[in-house]
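Shown next: work-v1.pdb, given as PDB, C-alpha atoms.
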ATOM      1  CA  MET O 213     102.082 146.352  92.469
ATOM      2  CA  PRO O 214     102.891 148.089  95.787
ATOM      3  CA  ARG O 215     106.172 147.162  97.429
ATOM      4  CA  LEU O 216     105.855 145.081 100.579
ATOM      5  CA  VAL O 217     107.366 146.657 103.664
ATOM      6  CA  ASP O 218     109.305 144.534 106.136
ATOM      7  CA  HIS O 219     108.273 146.159 109.395
ATOM      8  CA  GLU O 220     111.022 144.490 111.400
ATOM      9  CA  VAL O 221     113.616 145.864 109.000
ATOM     10  CA  ARG O 222     112.128 149.347 109.419
ATOM     11  CA  ARG O 223     112.193 149.043 113.205
ATOM     12  CA  ARG O 224     115.784 147.888 113.006
ATOM     13  CA  GLN O 225     116.663 150.881 110.840
ATOM     14  CA  ILE O 226     115.205 153.162 113.493
ATOM     15  CA  THR O 227     116.909 151.520 116.470
ATOM     16  CA  SER O 228     120.211 151.477 114.573
ATOM     17  CA  ALA O 229     119.768 155.194 113.966
ATOM     18  CA  VAL O 230     119.103 155.733 117.668
ATOM     19  CA  ARG O 231     122.384 153.963 118.462
ATOM     20  CA  ARG O 232     124.325 156.208 116.093
ATOM     21  CA  VAL O 233     122.742 159.344 117.534
ATOM     22  CA  ILE O 234     123.652 158.226 121.060
ATOM     23  CA  VAL O 235     127.237 157.469 120.041
ATOM     24  CA  GLY O 236     127.538 160.859 118.384
ATOM     25  CA  GLY O 237     125.872 163.030 121.007
ATOM     26  CA  GLY O 238     124.683 161.049 123.997
ATOM     27  CA  LEU O 239     121.156 160.164 125.035
ATOM     28  CA  GLU O 240     120.211 163.827 125.334
ATOM     29  CA  ALA O 241     120.717 164.174 121.564
ATOM     30  CA  VAL O 242     117.982 161.628 120.824
ATOM     31  CA  THR O 243     114.782 163.204 119.521
ATOM     32  CA  PHE O 244     112.278 162.185 116.858
ATOM     33  CA  GLN O 245     113.921 164.727 114.562
ATOM     34  CA  THR O 246     117.517 163.532 115.030
ATOM     35  CA  VAL O 247     116.525 159.877 114.752
ATOM     36  CA  ALA O 248     114.443 160.469 111.630
ATOM     37  CA  THR O 249     117.278 162.401 110.013
ATOM     38  CA  GLU O 250     119.820 159.721 110.886
ATOM     39  CA  ALA O 251     117.513 156.945 109.622
ATOM     40  CA  GLY O 252     116.747 158.843 106.402
ATOM     41  CA  MET O 253     112.995 158.825 106.933
ATOM     42  CA  SER O 254     110.250 161.174 108.048
ATOM     43  CA  ILE O 255     109.417 161.955 111.671
ATOM     44  CA  ARG O 256     105.911 160.709 110.953
ATOM     45  CA  LEU O 257     107.249 157.303 109.918
ATOM     46  CA  VAL O 258     109.348 157.007 113.077
ATOM     47  CA  GLN O 259     106.248 157.882 115.115
ATOM     48  CA  TYR O 260     104.257 155.249 113.230
ATOM     49  CA  TYR O 261     106.605 152.507 114.474
ATOM     50  CA  PHE O 262     107.340 154.001 117.876
ATOM     51  CA  GLY O 263     104.705 156.300 119.302
ATOM     52  CA  THR O 264     106.921 157.710 122.027
ATOM     53  CA  LYS O 265     110.597 158.402 122.583
ATOM     54  CA  ARG O 266     110.563 155.941 125.490
ATOM     55  CA  GLU O 267     109.344 153.168 123.162
ATOM     56  CA  PHE O 268     112.202 153.491 120.698
ATOM     57  CA  LEU O 269     114.718 153.886 123.495
ATOM     58  CA  LEU O 270     113.614 150.610 125.096
ATOM     59  CA  ALA O 271     113.563 148.905 121.686
ATOM     60  CA  THR O 272     117.115 150.144 121.098
ATOM     61  CA  HIS O 273     118.262 148.777 124.453
ATOM     62  CA  ARG O 274     116.717 145.391 123.609
ATOM     63  CA  SER O 275     118.378 145.364 120.189
ATOM     64  CA  VAL O 276     121.812 145.913 121.724
ATOM     65  CA  MET O 277     121.307 143.064 124.174
ATOM     66  CA  GLU O 278     119.977 140.784 121.436
ATOM     67  CA  ASP O 279     123.040 141.465 119.273
ATOM     68  CA  ALA O 280     125.397 140.729 122.168
ATOM     69  CA  GLY O 281     123.434 137.592 123.043
ATOM     70  CA  ALA O 282     123.548 136.348 119.462
ATOM     71  CA  ARG O 283     127.325 136.804 119.321
ATOM     72  CA  PHE O 284     127.743 134.963 122.582
ATOM     73  CA  MET O 285     125.618 132.056 121.370
ATOM     74  CA  ARG O 286     127.770 131.792 118.252
ATOM     75  CA  ARG O 287     130.887 131.752 120.423
ATOM     76  CA  TRP O 288     129.347 129.189 122.767
ATOM     77  CA  THR O 289     128.391 126.961 119.829
ATOM     78  CA  ALA O 290     131.902 127.252 118.400
ATOM     79  CA  LEU O 291     133.385 126.195 121.745
ATOM     80  CA  GLY O 292     131.475 122.907 121.555
ATOM     81  CA  GLN O 293     129.536 120.882 124.098
ATOM     82  CA  ASP O 294     132.664 119.981 126.047
ATOM     83  CA  ALA O 295     133.604 123.593 126.771
ATOM     84  CA  THR O 296     134.747 124.135 130.338
ATOM     85  CA  PRO O 297     132.911 126.596 132.621
ATOM     86  CA  ARG O 298     135.923 128.895 132.465
ATOM     87  CA  ALA O 299     135.913 128.908 128.665
ATOM     88  CA  VAL O 300     132.190 129.686 128.575
ATOM     89  CA  ILE O 301     132.461 132.536 131.101
ATOM     90  CA  ARG O 302     135.484 133.989 129.339
ATOM     91  CA  ALA O 303     133.697 133.867 125.993
ATOM     92  CA  VAL O 304     130.671 135.800 127.208
ATOM     93  CA  LEU O 305     132.809 138.361 129.043
ATOM     94  CA  THR O 306     134.956 138.937 125.968
ATOM     95  CA  GLU O 307     131.842 139.653 123.920
ATOM     96  CA  LEU O 308     131.000 142.469 126.336
ATOM     97  CA  LEU O 309     134.329 144.273 125.911
ATOM     98  CA  PRO O 310     134.585 147.039 123.261
ATOM     99  CA  LEU O 311     137.253 145.264 121.220
ATOM    100  CA  ASP O 312     135.843 146.281 117.828
ATOM    101  CA  GLU O 313     133.639 149.055 116.452
ATOM    102  CA  GLN O 314     130.325 147.251 116.995
ATOM    103  CA  ARG O 315     131.096 146.370 120.600
ATOM    104  CA  ARG O 316     132.427 149.871 121.200
ATOM    105  CA  GLU O 317     129.108 151.301 119.981
ATOM    106  CA  GLU O 318     127.175 148.921 122.192
ATOM    107  CA  THR O 319     129.253 149.829 125.247
ATOM    108  CA  ILE O 320     128.642 153.542 124.696
ATOM    109  CA  VAL O 321     124.911 152.995 124.202
ATOM    110  CA  LEU O 322     124.522 150.806 127.275
ATOM    111  CA  GLY O 323     126.578 153.249 129.327
ATOM    112  CA  SER O 324     124.260 156.056 128.242
ATOM    113  CA  PHE O 325     121.233 154.044 129.261
ATOM    114  CA  GLY O 326     122.798 153.288 132.613
ATOM    115  CA  TRP O 327     123.400 156.960 133.315
ATOM    116  CA  ALA O 328     119.882 157.852 132.127
ATOM    117  CA  ALA O 329     118.475 155.343 134.605
ATOM    118  CA  VAL O 330     120.462 156.971 137.424
ATOM    119  CA  THR O 331     119.330 160.480 136.517
ATOM    120  CA  GLY O 332     115.736 159.561 135.661
ATOM    121  CA  GLN O 333     115.913 160.476 131.983
ATOM    122  CA  SER O 334     113.083 158.585 130.235
ATOM    123  CA  ILE O 335     114.297 155.134 131.338
ATOM    124  CA  THR O 336     114.130 153.669 134.822
ATOM    125  CA  ALA O 337     116.850 151.486 136.294
ATOM    126  CA  GLU O 338     114.467 148.538 136.574
ATOM    127  CA  GLU O 339     113.923 148.602 132.810
ATOM    128  CA  THR O 340     117.623 148.003 132.192
ATOM    129  CA  PHE O 341     118.207 145.321 134.845
ATOM    130  CA  ALA O 342     117.151 142.302 132.771
ATOM    131  CA  ALA O 343     120.475 142.103 130.897
ATOM    132  CA  PRO O 344     122.870 142.144 133.893
ATOM    133  CA  ARG O 345     120.593 139.760 135.781
ATOM    134  CA  THR O 346     120.647 137.319 132.869
ATOM    135  CA  LEU O 347     124.426 137.634 132.613
ATOM    136  CA  ALA O 348     124.855 136.979 136.333
ATOM    137  CA  THR O 349     122.616 133.908 136.081
ATOM    138  CA  ILE O 350     124.632 132.477 133.170
ATOM    139  CA  ILE O 351     127.902 133.026 135.034
ATOM    140  CA  ALA O 352     126.539 131.597 138.299
ATOM    141  CA  ASP O 353     125.359 128.469 136.477
ATOM    142  CA  GLN O 354     128.825 127.951 135.010
ATOM    143  CA  ILE O 355     130.546 128.515 138.371
ATOM    144  CA  GLU O 356     128.228 125.974 139.951
ATOM    145  CA  ARG O 357     128.976 123.590 137.090
ATOM    146  CA  ALA O 358     132.682 123.885 137.932
ATOM    147  CA  GLN O 359     131.900 122.222 141.284
ATOM    148  CA  ARG O 360     134.542 124.075 143.250
ATOM    149  CA  ALA O 361     134.020 123.454 146.957
ATOM    150  CA  ASP O 362     134.828 126.999 148.100
ATOM    151  CA  ALA O 363     132.836 128.753 145.367
ATOM    152  CA  SER O 364     129.928 131.086 146.078
ATOM    153  CA  PRO O 365     128.223 131.079 142.648
ATOM    154  CA  ASP O 366     125.765 133.937 143.098
ATOM    155  CA  ARG O 367     128.182 136.291 144.843
ATOM    156  CA  ASP O 368     131.040 135.442 142.505
ATOM    157  CA  ALA O 369     128.769 135.975 139.498
ATOM    158  CA  ALA O 370     127.663 139.358 140.864
ATOM    159  CA  LEU O 371     131.315 140.355 141.313
ATOM    160  CA  ILE O 372     132.259 139.262 137.799
ATOM    161  CA  THR O 373     129.244 141.060 136.294
ATOM    162  CA  ALA O 374     130.173 144.297 138.055
ATOM    163  CA  THR O 375     133.813 143.941 137.041
ATOM    164  CA  ILE O 376     133.143 143.496 133.333
ATOM    165  CA  GLY O 377     131.159 146.728 133.264
ATOM    166  CA  GLY O 378     134.080 148.607 134.782
ATOM    167  CA  LEU O 379     136.573 147.026 132.399
ATOM    168  CA  ALA O 380     134.424 147.937 129.399
ATOM    169  CA  GLN O 381     134.174 151.571 130.482
ATOM    170  CA  GLY O 382     137.893 151.650 131.222
ATOM    171  CA  LEU O 383     138.648 150.502 127.687
ATOM    172  CA  LEU O 384     136.472 153.262 126.242
ATOM    173  CA  GLN O 385     138.289 155.871 128.310
ATOM    174  CA  GLY O 386     141.737 154.524 127.461
ATOM    175  CA  TYR O 387     142.403 153.539 131.057
ATOM    176  CA  ASN O 388     143.007 149.909 130.026
ATOM    177  CA  THR O 389     144.326 148.336 126.850
ATOM    178  CA  PRO O 390     142.583 145.295 125.334
ATOM    179  CA  HIS O 391     145.512 143.130 126.425
ATOM    180  CA  ALA O 392     145.311 144.437 130.004
ATOM    181  CA  ALA O 393     141.525 143.982 130.159
ATOM    182  CA  LEU O 394     141.743 140.370 129.008
ATOM    183  CA  ASP O 395     144.576 139.755 131.447
ATOM    184  CA  LEU O 396     142.392 141.073 134.289
ATOM    185  CA  ILE O 397     139.538 138.806 133.220
ATOM    186  CA  ASP O 398     141.888 135.832 133.386
ATOM    187  CA  HIS O 399     143.168 136.951 136.775
ATOM    188  CA  LEU O 400     139.619 137.214 138.116
ATOM    189  CA  LEU O 401     138.693 133.801 136.749
ATOM    190  CA  ASP O 402     141.843 132.390 138.352
ATOM    191  CA  ARG O 403     140.623 133.742 141.689
ATOM    192  CA  VAL O 404     137.097 132.404 141.272
ATOM    193  CA  LEU O 405     137.710 129.093 139.506
ATOM    194  CA  GLY O 406     141.364 128.363 140.287
ATOM    195  CA  THR O 407     144.311 128.273 137.920
ATOM    196  CA  THR O 408     143.787 124.577 137.215
ATOM    197  CA  ALA O 409     140.602 125.479 135.355
ATOM    198  CA  LYS O 410     142.590 127.083 132.544
ATOM    199  CA  ASN O 411     142.527 125.458 129.160
ATOM    200  CA  ALA O 412     143.803 126.024 125.663
ATOM    201  CA  THR O 413     141.063 128.528 124.850
ATOM    202  CA  ASP O 414     142.386 131.012 127.416
ATOM    203  CA  GLN O 415     144.541 133.319 125.350
ATOM    204  CA  HIS O 416     145.412 136.939 126.068
ATOM    205  CA  ASP O 417     144.975 138.180 122.520
ATOM    206  CA  PRO O 418     142.098 140.620 121.796
ATOM    207  CA  GLU O 419     139.150 138.748 120.303
TER     208      GLU O 419
END
Produce structure tokens that represent the structure in this file.
Amino acid sequence: MPRLVDHEVRRRQITSAVRRVIVGGGLEAVTFQTVATEAGMSIRLVQYYFGTKREFLLATHRSVMEDAGARFMRRWTALGQDATPRAVIRAVLTELLPLDEQRREETIVLGSFGWAAVTGQSITAEETFAAPRTLATIIADQIERAQRADASPDRDAALITATIGGLAQGLLQGYNTPHAALDLIDHLLDRVLGTTAKNATDQHDPE
């Protein structure tokens, strides 16, 4: 009896291989040959699931964002329904910092996509905007929920979204330590939400 193939598992194997190729050699190293070799399958099989390089690049970008989103949802659930806006924002920001090997890989991959969008390499900027826009919306909703009179939710959320990207890249380059990056997140949230918004979940230890 022929073995059933789980097509989603195969696609995941391919996008995971794309990630590893990017981490090892940058986006310019990604070809059907390098991805097939990394995935341990034939070029023809990769082409069967993704007809063009652009298709598997976009699928890889989506997979990174889905993984980050799933981690955040687990953190959010663990915080409980009574979590403060500050705790929620801090949780999602922490998940975007390269504090372990998986998040480090994701930061490198997303950084490569960002640069490719700037230089016009296969991916356009618009195709990578969904993730930061969603992040900014989540943060803005939490800032609005905090009901601080002098808050500007959309502008503050845009500032926080831009800042976390810089902190993540700084960690990769060794410019910041995990402790310093988390301290800067807390400092920024103090400025946006006020120091009275702190609660017991705000620790400076790497997570």
Using the chain letters and numbers from the file, give me the residues hit by the PyMOL selection byres ((chain O and resi 258-266) around 10), as a PyMOL selection string.
chain O and resi 219-220+222-223+225-227+242-245+247-248+251+253-257+267-272+333-335
Set the distance at 12 Å and use only C-alpha atoms: which residues neighbour Met285 in chain O once local chain neighbours fewer than 4 positions away are removed? I'd like the list as a PyMOL selection string.
chain O and resi 278-281+289-292+300-301+303-304+307+350
Mind telling me what the PyMOL selection byres ((chain O and resi 364-373) around 8) catches here, as a compact mmCIF listing (two decimals) with C-alpha atoms, in the frame of the given file?
# COMPACT_ATOMS: atom_id res chain seq x y z
CA PRO O 344 122.87 142.14 133.89
CA LEU O 347 124.43 137.63 132.61
CA ALA O 348 124.86 136.98 136.33
CA THR O 349 122.62 133.91 136.08
CA ILE O 351 127.90 133.03 135.03
CA ALA O 352 126.54 131.60 138.30
CA ASP O 353 125.36 128.47 136.48
CA ILE O 355 130.55 128.51 138.37
CA GLU O 356 128.23 125.97 139.95
CA ASP O 362 134.83 127.00 148.10
CA ALA O 363 132.84 128.75 145.37
CA ALA O 374 130.17 144.30 138.06
CA THR O 375 133.81 143.94 137.04
CA ILE O 376 133.14 143.50 133.33
CA GLY O 377 131.16 146.73 133.26
CA LEU O 400 139.62 137.21 138.12
CA VAL O 404 137.10 132.40 141.27
Which residue, O:Ala358, O:Leu384, O:Ala342, O:Ile320, has the smallest gap to Ile234 in chain O when you use all atoms listed in the file?
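Result for the nearest residue to Ile234 in chain O: O:Ile320.
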Have a look at CA of Gln314 in chain O and CA of Gly378 in chain O and let me know their distance in Å, one decimal.
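Between CA of Gln314 in chain O and CA of Gly378 in chain O the gap works out to 18.2 Å.
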d(CA of Val276 in chain O, CA of Ala295 in chain O) in Å:
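So the two atoms, CA of Val276 in chain O and CA of Ala295 in chain O, lie 25.7 Å apart.
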Minimum-distance residue to Thr407 in chain O, chosen among O:Arg357, O:Ala392, O:Ala229, O:Arg298 (using all atoms listed in the file)
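Checking each of O:Arg357, O:Ala392, O:Ala229, O:Arg298 against Thr407 in chain O, counting all atoms listed in the file, the winner is O:Arg298.
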Nearest-residue call for Glu313 in chain O, choices O:Val230, O:Val235, O:Leu401, O:Ala393, using only C-alpha atoms:
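Nearest to Glu313 in chain O: O:Val235.
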Work out how far apart CA of Leu309 in chain O and CA of Pro390 in chain O are and give it in Å to one decimal.
8.3 Å
Using only C-alpha atoms, find the one residue out of O:Gln359, O:Ser324, O:Ser275, O:Thr340 that sits nearest to Glu240 in chain O.
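Closest to Glu240 in chain O, using only C-alpha atoms: O:Ser324.
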O:Leu239, O:Leu379, O:Leu308, O:Val221 ranked by distance to Val321 in chain O, top pick (using all atoms listed in the file)
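When distances to Val321 in chain O are compared using all atoms listed in the file, the smallest one comes from O:Leu239.
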Nearest to Ala380 in chain O: which of O:Leu305, O:Asp395, O:Gln354, O:Ala361 is it, counting all atoms listed in the file?
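That would be O:Leu305, the residue with the smallest distance to Ala380 in chain O.
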